[in-house]
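Shown here: structure-v5.cif, mmCIF, C-alpha atoms and all ligand atoms.
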data_start
loop_
_atom_site.label_atom_id
_atom_site.label_comp_id
_atom_site.auth_asym_id
_atom_site.auth_seq_id
_atom_site.Cartn_x
_atom_site.Cartn_y
_atom_site.Cartn_z
CA MET Y 1 101.45 115.10 78.02
CA ALA Y 2 103.68 112.27 79.15
CA ILE Y 3 102.85 108.80 77.87
CA PHE Y 4 105.17 105.80 77.59
CA ALA Y 5 104.11 103.11 75.11
CA GLY Y 6 100.58 104.45 75.57
CA ILE Y 7 100.59 103.89 79.35
CA PHE Y 8 101.33 106.27 82.19
CA THR Y 9 103.93 104.74 84.49
CA ASP Y 10 105.75 105.82 87.66
CA ALA Y 11 108.74 106.88 85.55
CA ILE Y 12 106.69 109.39 83.57
CA LEU Y 13 106.80 113.04 84.54
CA MET Y 14 103.47 114.80 84.92
CA LYS Y 15 102.12 118.35 85.13
CA ILE Y 16 99.97 118.45 88.23
CA GLY Y 17 97.73 121.22 89.56
CA ILE Y 18 97.32 121.10 93.36
CA VAL Y 19 94.40 122.98 94.91
CA LEU Y 20 94.67 123.55 98.66
CA TYR Y 21 94.06 125.77 101.65
CA PRO Y 22 97.31 127.69 102.07
CA THR Y 23 96.96 128.08 105.86
CA PHE Y 24 98.35 126.19 108.88
CA GLY Y 25 95.72 123.41 108.70
CA GLY Y 26 96.89 119.86 108.17
CA SER Y 27 95.32 119.51 104.72
CA GLY Y 28 97.31 122.49 103.43
CA VAL Y 29 100.51 121.18 105.00
CA VAL Y 30 100.08 117.74 103.45
CA ALA Y 31 99.21 119.21 100.02
CA THR Y 32 102.22 121.54 100.11
CA GLU Y 33 104.67 118.84 101.18
CA LEU Y 34 103.23 116.49 98.57
CA GLY Y 35 103.74 119.11 95.84
CA LYS Y 36 107.30 119.76 96.99
CA ALA Y 37 108.11 116.05 97.00
CA LEU Y 38 106.59 115.56 93.53
CA SER Y 39 108.59 118.49 92.15
CA GLN Y 40 111.79 116.99 93.59
CA LYS Y 41 111.01 113.85 91.57
CA GLY Y 42 110.89 116.01 88.43
CA HIS Y 43 107.12 116.49 88.11
CA GLU Y 44 105.89 120.02 87.37
CA VAL Y 45 103.64 121.21 90.19
CA HIS Y 46 101.29 124.18 90.10
CA PHE Y 47 99.77 125.26 93.43
CA ILE Y 48 96.46 127.06 92.92
CA THR Y 49 95.01 128.92 95.90
CA TYR Y 50 94.36 132.40 97.34
CA SER Y 51 97.70 133.04 99.06
CA GLN Y 52 101.15 131.52 99.15
CA PRO Y 53 101.06 128.23 101.13
CA VAL Y 54 102.69 128.76 104.54
CA ARG Y 55 104.83 125.62 104.34
CA LEU Y 56 106.11 126.30 100.83
CA GLY Y 57 109.56 127.62 101.79
CA SER Y 58 111.81 128.39 98.85
CA PHE Y 59 110.79 127.71 95.29
CA THR Y 60 112.52 125.16 93.10
CA LYS Y 61 112.60 124.78 89.37
CA ASN Y 62 109.41 122.75 88.96
CA LEU Y 63 107.21 124.63 91.44
CA PHE Y 64 104.70 127.32 90.48
CA TYR Y 65 102.11 129.24 92.45
CA HIS Y 66 98.98 130.72 90.86
CA GLU Y 67 97.05 133.12 93.05
CA VAL Y 68 93.26 133.09 92.92
CA GLN Y 69 92.29 136.75 93.07
CA ILE Y 70 89.13 137.34 95.03
CA LEU Y 71 87.09 140.05 93.38
CA GLU Y 72 85.47 142.52 95.78
CA TYR Y 73 82.26 144.18 94.60
CA PRO Y 74 79.67 146.06 96.71
CA LEU Y 75 76.99 143.56 95.72
CA PHE Y 76 79.00 140.63 97.09
CA GLU Y 77 78.53 140.34 100.78
CA TYR Y 78 80.29 136.97 100.35
CA PRO Y 79 82.79 136.98 97.44
CA PRO Y 80 82.11 133.90 95.23
CA TYR Y 81 85.43 132.08 95.76
CA GLU Y 82 84.30 128.83 94.16
CA THR Y 83 83.52 130.58 90.86
CA VAL Y 84 86.83 132.45 90.66
CA LEU Y 85 88.68 129.28 91.64
CA ALA Y 86 86.93 127.30 88.86
CA SER Y 87 87.83 130.03 86.34
CA LYS Y 88 91.43 130.03 87.53
CA LEU Y 89 91.59 126.25 87.15
CA VAL Y 90 90.33 126.53 83.57
CA ASP Y 91 93.02 129.14 82.84
CA VAL Y 92 95.89 127.21 84.45
CA VAL Y 93 94.93 123.83 82.97
CA LYS Y 94 94.72 125.36 79.47
CA ASN Y 95 97.80 127.54 79.55
CA GLU Y 96 100.11 125.30 81.54
CA LYS Y 97 98.81 122.18 79.77
CA LEU Y 98 98.25 120.30 83.01
CA ASP Y 99 97.73 116.53 82.97
CA LEU Y 100 95.57 116.39 86.10
CA LEU Y 101 94.22 118.27 89.09
CA HIS Y 102 94.55 117.09 92.67
CA VAL Y 103 92.25 118.91 95.09
CA HIS Y 104 92.76 118.75 98.86
CA TYR Y 105 89.68 119.18 101.07
CA ALA Y 106 86.36 118.67 99.34
CA ILE Y 107 84.78 122.04 100.17
CA PRO Y 108 84.68 123.89 97.79
CA HIS Y 109 87.66 122.51 95.89
CA ALA Y 110 86.01 119.36 94.53
CA SER Y 111 82.96 121.15 93.17
CA ALA Y 112 85.16 123.93 91.69
CA ALA Y 113 87.28 121.26 89.98
CA TYR Y 114 84.15 119.57 88.63
CA MET Y 115 82.93 122.89 87.22
CA ALA Y 116 86.35 123.54 85.62
CA LYS Y 117 86.32 120.03 84.15
CA CYS Y 118 82.89 120.64 82.55
CA ILE Y 119 83.95 124.03 81.15
CA LEU Y 120 87.13 122.54 79.70
CA ARG Y 121 85.24 119.57 78.23
CA SER Y 122 83.01 122.06 76.38
CA GLN Y 123 86.21 123.41 74.85
CA GLY Y 124 87.52 119.96 73.86
CA ILE Y 125 90.03 119.65 76.75
CA LYS Y 126 89.91 116.65 79.09
CA ILE Y 127 91.24 117.02 82.61
CA PRO Y 128 90.76 114.37 85.32
CA PHE Y 129 90.69 115.39 88.97
CA ILE Y 130 91.43 113.58 92.21
CA THR Y 131 89.81 114.60 95.49
CA THR Y 132 91.58 113.95 98.78
CA LEU Y 133 89.32 114.05 101.82
CA HIS Y 134 91.00 115.32 104.96
CA GLY Y 135 88.49 115.19 107.78
CA THR Y 136 86.31 118.08 108.71
CA ASP Y 137 85.17 118.30 105.06
CA ILE Y 138 83.39 114.99 105.85
CA THR Y 139 83.00 114.64 109.61
CA LEU Y 140 82.04 118.17 110.60
CA VAL Y 141 81.29 120.71 107.87
CA GLY Y 142 80.53 118.51 104.85
CA ARG Y 143 77.81 116.55 106.65
CA ASP Y 144 75.82 119.70 107.25
CA PRO Y 145 72.72 119.71 104.99
CA SER Y 146 73.86 123.08 103.64
CA PHE Y 147 76.82 121.31 101.96
CA GLU Y 148 75.90 117.62 101.71
CA PRO Y 149 74.28 117.41 98.22
CA ALA Y 150 77.09 119.39 96.58
CA ILE Y 151 79.79 117.36 98.37
CA THR Y 152 78.17 114.01 97.50
CA PHE Y 153 77.90 115.02 93.86
CA ALA Y 154 81.49 116.33 93.65
CA ILE Y 155 82.92 113.21 95.32
CA ASN Y 156 80.95 110.89 93.05
CA ASN Y 157 82.12 112.85 90.01
CA SER Y 158 85.79 112.92 90.97
CA ASP Y 159 87.96 110.66 88.81
CA ALA Y 160 89.45 109.21 92.00
CA VAL Y 161 88.95 109.81 95.70
CA SER Y 162 91.39 109.28 98.53
CA ALA Y 163 90.99 109.63 102.30
CA VAL Y 164 93.77 110.05 104.85
CA SER Y 165 92.69 107.16 107.11
CA GLU Y 166 90.52 104.03 107.22
CA SER Y 167 88.38 105.84 109.77
CA LEU Y 168 87.72 108.73 107.40
CA LYS Y 169 86.92 106.28 104.60
CA ARG Y 170 84.30 104.61 106.86
CA ASP Y 171 82.88 108.03 107.85
CA THR Y 172 82.62 109.01 104.18
CA TYR Y 173 80.58 105.92 103.33
CA THR Y 174 78.46 106.36 106.46
CA HIS Y 175 77.53 109.99 105.95
CA PHE Y 176 77.36 110.29 102.15
CA ALA Y 177 75.76 108.21 99.38
CA ILE Y 178 79.09 107.50 97.71
CA ASN Y 179 79.31 105.20 94.70
CA LYS Y 180 83.06 105.65 94.20
CA GLU Y 181 85.93 103.60 95.60
CA VAL Y 182 87.68 105.63 98.31
CA GLU Y 183 91.36 104.76 98.49
CA VAL Y 184 93.17 105.24 101.80
CA ILE Y 185 96.46 107.10 101.44
CA PRO Y 186 97.70 108.08 104.89
CA ASN Y 187 99.32 111.41 105.65
CA PHE Y 188 103.10 111.46 105.72
CA ILE Y 189 106.17 113.23 107.06
CA CYS Y 190 109.54 113.97 105.49
CA PRO Y 191 111.86 112.46 108.16
CA GLU Y 192 114.72 114.84 107.30
CA HIS Y 193 112.62 117.80 108.56
CA TYR Y 194 112.61 116.29 112.04
CA LEU Y 195 116.27 115.43 112.64
CA PRO Y 196 117.33 116.21 116.21
CA LYS Y 197 119.12 119.54 116.66
CA PRO Y 198 121.12 120.82 119.63
CA GLU Y 199 118.35 122.84 121.32
CA LYS Y 200 119.67 123.13 124.90
CA ASP Y 201 119.48 126.96 125.09
CA PHE Y 202 115.98 126.96 123.64
CA ARG Y 203 114.89 124.24 126.06
CA ASP Y 204 116.40 126.11 129.03
CA ALA Y 205 114.46 129.22 128.07
CA TYR Y 206 111.18 127.36 128.67
CA ALA Y 207 112.22 124.88 131.33
CA PRO Y 208 115.21 126.37 133.18
CA ASN Y 209 115.09 123.81 135.99
CA GLY Y 210 114.84 120.74 133.81
CA GLU Y 211 111.03 120.54 133.98
CA ARG Y 212 109.29 118.23 131.52
CA ILE Y 213 107.94 120.07 128.46
CA ILE Y 214 104.44 119.20 127.28
CA THR Y 215 103.20 120.53 123.95
CA HIS Y 216 99.95 120.87 122.07
CA ILE Y 217 99.56 122.26 118.54
CA SER Y 218 96.22 123.04 116.90
CA ASN Y 219 93.88 125.64 115.47
CA PHE Y 220 92.18 126.07 118.89
CA ARG Y 221 88.79 125.05 117.53
CA PRO Y 222 86.26 123.33 119.83
CA VAL Y 223 86.92 119.98 118.08
CA LYS Y 224 90.50 120.06 119.49
CA ARG Y 225 89.34 120.31 123.14
CA VAL Y 226 92.28 122.54 124.08
CA GLU Y 227 90.71 123.15 127.50
CA ASP Y 228 91.22 119.43 128.18
CA VAL Y 229 94.91 120.01 127.45
CA VAL Y 230 95.02 122.62 130.21
CA ARG Y 231 93.13 120.35 132.63
CA ILE Y 232 95.44 117.41 131.86
CA PHE Y 233 98.47 119.66 132.33
CA LYS Y 234 97.20 120.87 135.71
CA ARG Y 235 96.99 117.24 136.91
CA ILE Y 236 100.47 116.46 135.56
CA ARG Y 237 101.99 119.53 137.17
CA ASP Y 238 100.45 118.58 140.49
CA ARG Y 239 102.56 115.41 140.33
CA LEU Y 240 105.86 116.54 138.75
CA PRO Y 241 107.63 119.73 137.55
CA ALA Y 242 106.37 120.56 134.07
CA LYS Y 243 105.80 123.36 131.56
CA LEU Y 244 103.12 123.58 128.88
CA ILE Y 245 103.68 125.09 125.41
CA LEU Y 246 100.57 125.76 123.36
CA VAL Y 247 101.18 126.43 119.67
CA GLY Y 248 98.50 127.85 117.37
CA ASP Y 249 95.59 130.20 117.65
CA GLY Y 250 91.86 130.19 117.12
CA PRO Y 251 88.42 130.78 118.62
CA ASP Y 252 89.01 128.86 121.88
CA ARG Y 253 92.13 130.80 122.85
CA TYR Y 254 90.20 133.12 125.20
CA HIS Y 255 88.61 130.14 126.99
CA VAL Y 256 92.01 128.51 127.31
CA GLU Y 257 93.61 131.63 128.76
CA ARG Y 258 90.74 132.02 131.21
CA LEU Y 259 91.01 128.38 132.30
CA CYS Y 260 94.78 128.75 132.86
CA ARG Y 261 94.04 131.69 135.15
CA GLU Y 262 91.31 129.76 136.97
CA LEU Y 263 93.51 126.71 137.51
CA GLY Y 264 96.58 128.77 138.38
CA THR Y 265 98.74 127.29 135.61
CA CYS Y 266 99.59 130.54 133.75
CA SER Y 267 103.12 130.85 135.16
CA ASP Y 268 103.97 127.43 133.69
CA THR Y 269 102.16 127.88 130.38
CA PHE Y 270 103.40 129.53 127.18
CA ILE Y 271 100.81 130.28 124.50
CA ILE Y 272 103.08 131.17 121.63
CA GLY Y 273 100.69 131.48 118.66
CA LYS Y 274 101.08 130.11 115.15
CA LEU Y 275 104.45 128.69 114.04
CA LYS Y 276 105.64 127.98 110.51
CA LYS Y 277 108.09 125.36 111.78
CA PRO Y 278 106.38 123.46 114.62
CA GLU Y 279 109.31 121.04 114.73
CA GLU Y 280 111.34 123.77 116.48
CA VAL Y 281 109.11 123.41 119.55
CA LEU Y 282 108.64 119.67 119.12
CA HIS Y 283 112.40 119.12 119.34
CA ILE Y 284 112.43 120.39 122.92
CA SER Y 285 109.22 118.58 123.95
CA ASP Y 286 108.82 115.46 126.10
CA LEU Y 287 105.15 114.78 125.46
CA PHE Y 288 102.46 115.81 122.97
CA LEU Y 289 98.80 116.02 123.96
CA LEU Y 290 95.96 115.70 121.42
CA PRO Y 291 92.64 115.08 123.21
CA SER Y 292 90.46 115.90 120.13
CA GLU Y 293 86.75 115.24 119.95
CA SER Y 294 87.27 114.00 116.40
CA GLU Y 295 90.44 113.67 114.34
CA SER Y 296 90.50 111.97 110.94
CA PHE Y 297 94.26 111.40 111.15
CA GLY Y 298 96.10 113.76 113.52
CA LEU Y 299 98.99 115.10 111.48
CA ALA Y 300 100.18 117.15 114.46
CA ALA Y 301 100.57 113.91 116.46
CA LEU Y 302 102.55 112.34 113.62
CA GLU Y 303 104.83 115.39 113.42
CA ALA Y 304 105.42 115.09 117.17
CA MET Y 305 106.29 111.41 116.84
CA ALA Y 306 108.65 112.18 113.95
CA SER Y 307 110.43 114.57 116.34
CA GLY Y 308 110.76 111.73 118.87
CA VAL Y 309 107.89 112.90 121.09
CA PRO Y 310 105.38 110.35 122.44
CA VAL Y 311 101.70 111.19 122.24
CA VAL Y 312 98.82 110.95 124.70
CA SER Y 313 95.68 111.39 122.63
CA SER Y 314 92.01 110.60 122.49
CA ASP Y 315 91.07 107.42 120.65
CA SER Y 316 88.76 109.18 118.20
CA GLY Y 317 88.71 108.84 114.39
CA GLY Y 318 92.01 107.91 112.79
CA LEU Y 319 94.20 108.49 115.86
CA PRO Y 320 94.47 104.76 116.69
CA GLU Y 321 95.88 104.24 113.17
CA VAL Y 322 98.70 106.67 113.96
CA ASN Y 323 99.37 106.53 117.72
CA ILE Y 324 99.85 102.97 118.94
CA GLU Y 325 98.75 102.23 122.51
CA GLY Y 326 101.70 101.43 124.77
CA GLU Y 327 104.21 101.94 121.94
CA SER Y 328 104.26 105.52 120.61
CA GLY Y 329 102.10 106.76 123.50
CA PHE Y 330 98.63 106.13 124.90
CA LEU Y 331 95.00 106.63 123.86
CA ARG Y 332 92.02 107.28 126.11
CA PRO Y 333 88.34 108.00 125.35
CA VAL Y 334 87.38 111.57 124.44
CA GLY Y 335 87.02 113.67 127.60
CA ASP Y 336 88.88 111.24 129.88
CA VAL Y 337 91.09 113.97 131.32
CA GLU Y 338 91.91 111.87 134.38
CA GLY Y 339 92.99 108.87 132.31
CA MET Y 340 95.10 110.96 129.93
CA ALA Y 341 96.82 112.72 132.86
CA GLU Y 342 97.52 109.40 134.56
CA ARG Y 343 99.11 107.97 131.37
CA ALA Y 344 101.10 111.19 130.85
CA VAL Y 345 102.54 111.00 134.38
CA TYR Y 346 103.38 107.31 133.83
CA LEU Y 347 105.42 108.34 130.75
CA LEU Y 348 107.08 111.38 132.25
CA GLU Y 349 107.99 110.16 135.74
CA ASP Y 350 110.66 107.70 134.64
CA ASP Y 351 113.66 108.80 132.53
CA GLU Y 352 114.35 105.38 131.03
CA ARG Y 353 110.69 104.76 130.21
CA LEU Y 354 110.36 108.16 128.58
CA LYS Y 355 113.50 107.55 126.53
CA ALA Y 356 112.13 104.21 125.29
CA PHE Y 357 108.79 105.78 124.32
CA LYS Y 358 110.57 108.64 122.52
CA ALA Y 359 112.55 106.14 120.43
CA ALA Y 360 109.43 104.06 119.73
CA ALA Y 361 107.43 107.15 118.68
CA LYS Y 362 110.16 108.10 116.22
CA LYS Y 363 110.25 104.53 114.88
CA ARG Y 364 106.47 104.44 114.46
CA SER Y 365 106.55 107.70 112.47
CA GLU Y 366 108.81 106.03 109.89
CA HIS Y 367 105.81 103.98 108.79
CA PHE Y 368 104.45 107.28 107.41
CA SER Y 369 107.62 108.35 105.63
CA ILE Y 370 107.12 110.22 102.36
CA LYS Y 371 109.21 107.51 100.68
CA ARG Y 372 106.44 105.00 101.32
CA ILE Y 373 103.45 107.30 100.75
CA LEU Y 374 104.50 109.28 97.65
CA PRO Y 375 104.34 106.21 95.33
CA MET Y 376 100.73 105.64 96.48
CA TYR Y 377 99.81 109.06 95.10
CA THR Y 378 101.79 108.68 91.86
CA ARG Y 379 100.17 105.25 91.32
CA LEU Y 380 96.74 106.85 91.74
CA TYR Y 381 97.68 109.64 89.31
CA ASN Y 382 98.84 107.08 86.72
CA GLN Y 383 95.69 105.01 87.18
CA VAL Y 384 93.49 108.07 86.62
CA LEU Y 385 95.46 109.22 83.58
CA ASN Y 386 95.35 105.75 82.03
CA GLN Y 387 91.62 105.56 82.67
CA ALA Y 388 91.12 108.99 81.05
CA ARG Y 389 93.13 107.86 78.06
CA ILE Y 390 91.05 104.69 77.63
CA GLU Y 391 87.82 106.71 77.91
CA SER Y 392 88.95 109.26 75.33
CA SER Y 393 89.81 106.48 72.86
CA LEU Y 394 86.30 105.02 73.10
CA PRO Y 395 83.95 105.93 70.26
O1 LIG Y 401 92.34 119.84 112.19
C1 LIG Y 401 91.79 120.71 111.55
O2 LIG Y 401 90.78 121.28 111.94
C2 LIG Y 401 92.34 121.11 110.21
C3 LIG Y 401 92.03 120.07 109.19
C4 LIG Y 401 92.49 120.49 107.82
O3 LIG Y 401 91.76 120.24 106.90
O4 LIG Y 401 93.53 121.04 107.63
O5 LIG Y 401 92.66 118.86 109.61
C5 LIG Y 401 92.17 117.66 109.07
O6 LIG Y 401 93.10 117.23 108.08
C6 LIG Y 401 94.39 116.87 108.58
C7 LIG Y 401 95.28 116.51 107.40
O7 LIG Y 401 94.78 115.42 106.71
C8 LIG Y 401 94.24 115.73 109.58
O8 LIG Y 401 95.50 115.35 110.08
C9 LIG Y 401 93.34 116.17 110.74
O9 LIG Y 401 93.13 115.06 111.60
C10 LIG Y 401 92.00 116.65 110.20
N1 LIG Y 401 91.24 117.26 111.30
C11 LIG Y 401 90.14 116.72 111.82
O10 LIG Y 401 89.68 115.66 111.43
C12 LIG Y 401 89.52 117.46 112.94
#

This entry written out as structure tokens:
Amino acid sequence: MAIFAGIFTDAILMKIGIVLYPTFGGSGVVATELGKALSQKGHEVHFITYSQPVRLGSFTKNLFYHEVQILEYPLFEYPPYETVLASKLVDVVKNEKLDLLHVHYAIPHASAAYMAKCILRSQGIKIPFITTLHGTDITLVGRDPSFEPAITFAINNSDAVSAVSESLKRDTYTHFAINKEVEVIPNFICPEHYLPKPEKDFRDAYAPNGERIITHISNFRPVKRVEDVVRIFKRIRDRLPAKLILVGDGPDRYHVERLCRELGTCSDTFIIGKLKKPEEVLHISDLFLLPSESESFGLAALEAMASGVPVVSSDSGGLPEVNIEGESGFLRPVGDVEGMAERAVYLLEDDERLKAFKAAAKKRSEHFSIKRILPMYTRLYNQVLNQARIESSLP
């Protein structure tokens, strides 16, 4: 364990276990990029989840991945993931001598970490854990009575709790009886991933006659209101030449395809499925649409802005903390398809205006650069480790 003069400081290297969803969701992306950035600073990072995180890329010296094996047995209609995850955490903490665990998305990671912490304590090993709340774990799924008591307990028993926006922090206090301080640490981007590339051929493939390219990226769940994207696009295309690229996949894809057929927009719409590197499409885009019903932060919008793409979004949840009205794009109330289309046309119809908004979106994204956000996490880690040290020295 790394201690300097008895105190953990930013200069001290740590062994950190990161628990995450390895899929395309924003929480998994943030957790993976955080782990990569920590490892580049010399910390040893152990990802613990059920498959290799999609954004991991190539491994470096300080990165490790521990797969949680899900045991199938005829009795288990639903394999008990939380139990095998807790057991895996016990194993990794003990054998890799981790200093702390950082779990992303409360369900079921926070309660699994709590269980691992109790098991390890019974064996004389102390391990603090930090829970980062990402959104639907609080606003959608976590609030459901079938989860609420377990989530409240796991949050209150975390050694520290962070949320990705002020809005999510407020929602957490509103919906749960939380007696812990929730620290806001916004999501981030690594600016070097979004440097402009010469993409003319790629752009021509989608928009051969110089049409504007409008993009949306999501998991096509009802909360994303992807059908609004199609309706907004229809109104834009009625006013100026445009193409729509939809990235991602999910339960609403059939509805979206049907709506495109109904509105007659199929010939100008590309539904390209999931992408490991969304920035490849963002680089050729002129506008990003995110009309979500609820969005604790809107990482996809931030990634668009980092690629120099302005955003027209709903004003729900944490989106106003990311997308600034009249600067990086525009915000309209949830469901205001007309208003979003009108603002989109305003942005797209004038070359100079669009150029200015593209530059401003890029500039705004710099506020969320990993350089600024990473120290917030390492400070929280040090605070938790120092607290654990003080507690273990008490009689
Ligand atoms: O958007 C989703 O449904 C996926 C979900 C996740 O956990 O991956 O996204 C949530 O976390 C992201 C990363 O912190 C946020 O950027 C998204 O706004 C948030 N989604 C919602 O609140 C709906």

Practice item. Please extract the residues at most 6 Å from ligand LIG 401 (chain Y), counting all atoms listed in the file, and provide them as number ranges by chain, using the chain letters and residue numbers of this document. Key: Y: 25-28, 134-136, 164, 294-299

Practice item. Could you check which of Y:Ala86, Y:Val30, Y:Ile70, Y:Ala154 is closest to Ile178 in chain Y, using only C-alpha atoms? Key: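 Using only C-alpha atoms, Ile178 in chain Y sits closest to Y:Ala154.
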
Please return as an mmCIF file with C-alpha atoms, keeping the file's coordinate frame every residue within 12 Å of (91.1, 129.8, 114.9), taking into account all atoms listed in the file and the file's own coordinates.
data_model
loop_
_atom_site.group_PDB
_atom_site.id
_atom_site.type_symbol
_atom_site.label_atom_id
_atom_site.label_comp_id
_atom_site.auth_asym_id
_atom_site.auth_seq_id
_atom_site.Cartn_x
_atom_site.Cartn_y
_atom_site.Cartn_z
ATOM 1 C CA THR Y 23 96.960 128.080 105.860
ATOM 2 C CA PHE Y 24 98.350 126.190 108.880
ATOM 3 C CA GLY Y 25 95.720 123.410 108.700
ATOM 4 C CA ILE Y 217 99.560 122.260 118.540
ATOM 5 C CA SER Y 218 96.220 123.040 116.900
ATOM 6 C CA ASN Y 219 93.880 125.640 115.470
ATOM 7 C CA PHE Y 220 92.180 126.070 118.890
ATOM 8 C CA ARG Y 221 88.790 125.050 117.530
ATOM 9 C CA PRO Y 222 86.260 123.330 119.830
ATOM 10 C CA VAL Y 223 86.920 119.980 118.080
ATOM 11 C CA LYS Y 224 90.500 120.060 119.490
ATOM 12 C CA VAL Y 226 92.280 122.540 124.080
ATOM 13 C CA VAL Y 247 101.180 126.430 119.670
ATOM 14 C CA GLY Y 248 98.500 127.850 117.370
ATOM 15 C CA ASP Y 249 95.590 130.200 117.650
ATOM 16 C CA GLY Y 250 91.860 130.190 117.120
ATOM 17 C CA PRO Y 251 88.420 130.780 118.620
ATOM 18 C CA ASP Y 252 89.010 128.860 121.880
ATOM 19 C CA ARG Y 253 92.130 130.800 122.850
ATOM 20 C CA TYR Y 254 90.200 133.120 125.200
ATOM 21 C CA GLY Y 273 100.690 131.480 118.660
ATOM 22 C CA LYS Y 274 101.080 130.110 115.150
#

Practice item. Would you kindly return, as a ChimeraX atom specification, each protein, DNA or RNA residue with an atom no farther than 8 Å from any atom of Leu101 in chain Y, considering only C-alpha atoms and excluding same-chain residues fewer than 2 positions away? Key: /Y:16-19,98-99,103,113,127-130

Take the residues just selected and output them with C-alpha atoms as a short mmCIF file (atom, residue, chain, number, x, y, z; two decimals), keeping the file's coordinate frame.
data_model
loop_
_atom_site.label_atom_id
_atom_site.label_comp_id
_atom_site.auth_asym_id
_atom_site.auth_seq_id
_atom_site.Cartn_x
_atom_site.Cartn_y
_atom_site.Cartn_z
CA ILE Y 16 99.97 118.45 88.23
CA GLY Y 17 97.73 121.22 89.56
CA ILE Y 18 97.32 121.10 93.36
CA VAL Y 19 94.40 122.98 94.91
CA LEU Y 98 98.25 120.30 83.01
CA ASP Y 99 97.73 116.53 82.97
CA VAL Y 103 92.25 118.91 95.09
CA ALA Y 113 87.28 121.26 89.98
CA ILE Y 127 91.24 117.02 82.61
CA PRO Y 128 90.76 114.37 85.32
CA PHE Y 129 90.69 115.39 88.97
CA ILE Y 130 91.43 113.58 92.21
#

Point to revise | Shell of 12 Å around Glu342 in chain Y, all atoms listed in the file, local chain residues under 5 positions omitted, as a PyMOL selection string | key: chain Y and resi 231-240+312+330-332+336-337+347-349

Need the shell around Asn209 in chain Y: protein/DNA/RNA residues with any atom at most 10 Å away, counting all atoms listed in the file. Skip same-chain ones fewer than 4 positions apart. Format as a CSV table (one decimal) with C-alpha atoms, keeping the file's coordinate frame?
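Writing done, so here's selection.csv:
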chain,number,residue,atom,x,y,z
Y,203,ARG,CA,114.9,124.2,126.1
Y,204,ASP,CA,116.4,126.1,129.0
Y,205,ALA,CA,114.5,129.2,128.1
Y,241,PRO,CA,107.6,119.7,137.6
Y,242,ALA,CA,106.4,120.6,134.1

Practice item. Mind giving me the straight-line distance from CA of Phe59 in chain Y to CA of Ala31 in chain Y in Å, one decimal? Key: 15.1 Å

Review point. CA of Ala106 in chain Y and CA of Leu133 in chain Y are how many Å apart?
Key: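 Value for the CA of Ala106 in chain Y-CA of Leu133 in chain Y distance: 6.0 Å.
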
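For Lys355 in chain Y, the residues within 10 Å (counting only C-alpha atoms, excluding itself and residues fewer than 6 positions away along the chain) are Asp286, Gly308, Val309, Pro310, Leu347, Leu348 and Ala361 of chain Y.
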
Check your understanding: Which neighbours of Ser285 in chain Y fall inside 10 Å, counting only C-alpha atoms, when residues of the same chain fewer than 2 positions from it are skipped, and could you give them as an MDAnalysis selection string?
Key -> chainID Y and resid 203 212:216 243:245 279:283 287:288 304 307:310

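Between Gln123 in chain Y and the candidates Y:His255, Y:His66, Y:Lys94, Y:Lys41, the tightest atom-to-atom separation, counting only C-alpha atoms, involves Y:Lys94.
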
Point to revise | Computed interatomic separation between CA of Leu289 in chain Y and CA of Gly210 in chain Y (Å) | key: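 According to the coordinates, CA of Leu289 in chain Y and CA of Gly210 in chain Y are separated by 19.4 Å.
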
Practice item. Go through Y:Asp351, Y:Ala356, Y:Lys126, Y:Pro145 one by one, measure the shortest atom-to-atom distance of each to Gly329 in chain Y using all atoms listed in the file, and give the residue with the smallest value. Key: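 Ranked by minimum distance to Gly329 in chain Y, first place goes to Y:Ala356.
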
Exercise for review: Between Y:Val311, Y:Leu100, Y:Val93, Y:Ala177, single out the one closest to Glu327 in chain Y, counting all atoms listed in the file.
Suggested key: Y:Val311

Review point. Of the candidates Y:Lys117, Y:His109, Y:His175, Y:Arg372, which one gets nearest to Thr139 in chain Y if we count all atoms listed in the file?
Key: Y:His175

Check your understanding: Between Y:Tyr114, Y:Phe188, Y:Phe202, Y:Phe147, which has the minimum distance to Ala37 in chain Y (counting all atoms listed in the file)?
Key -> Y:Phe188
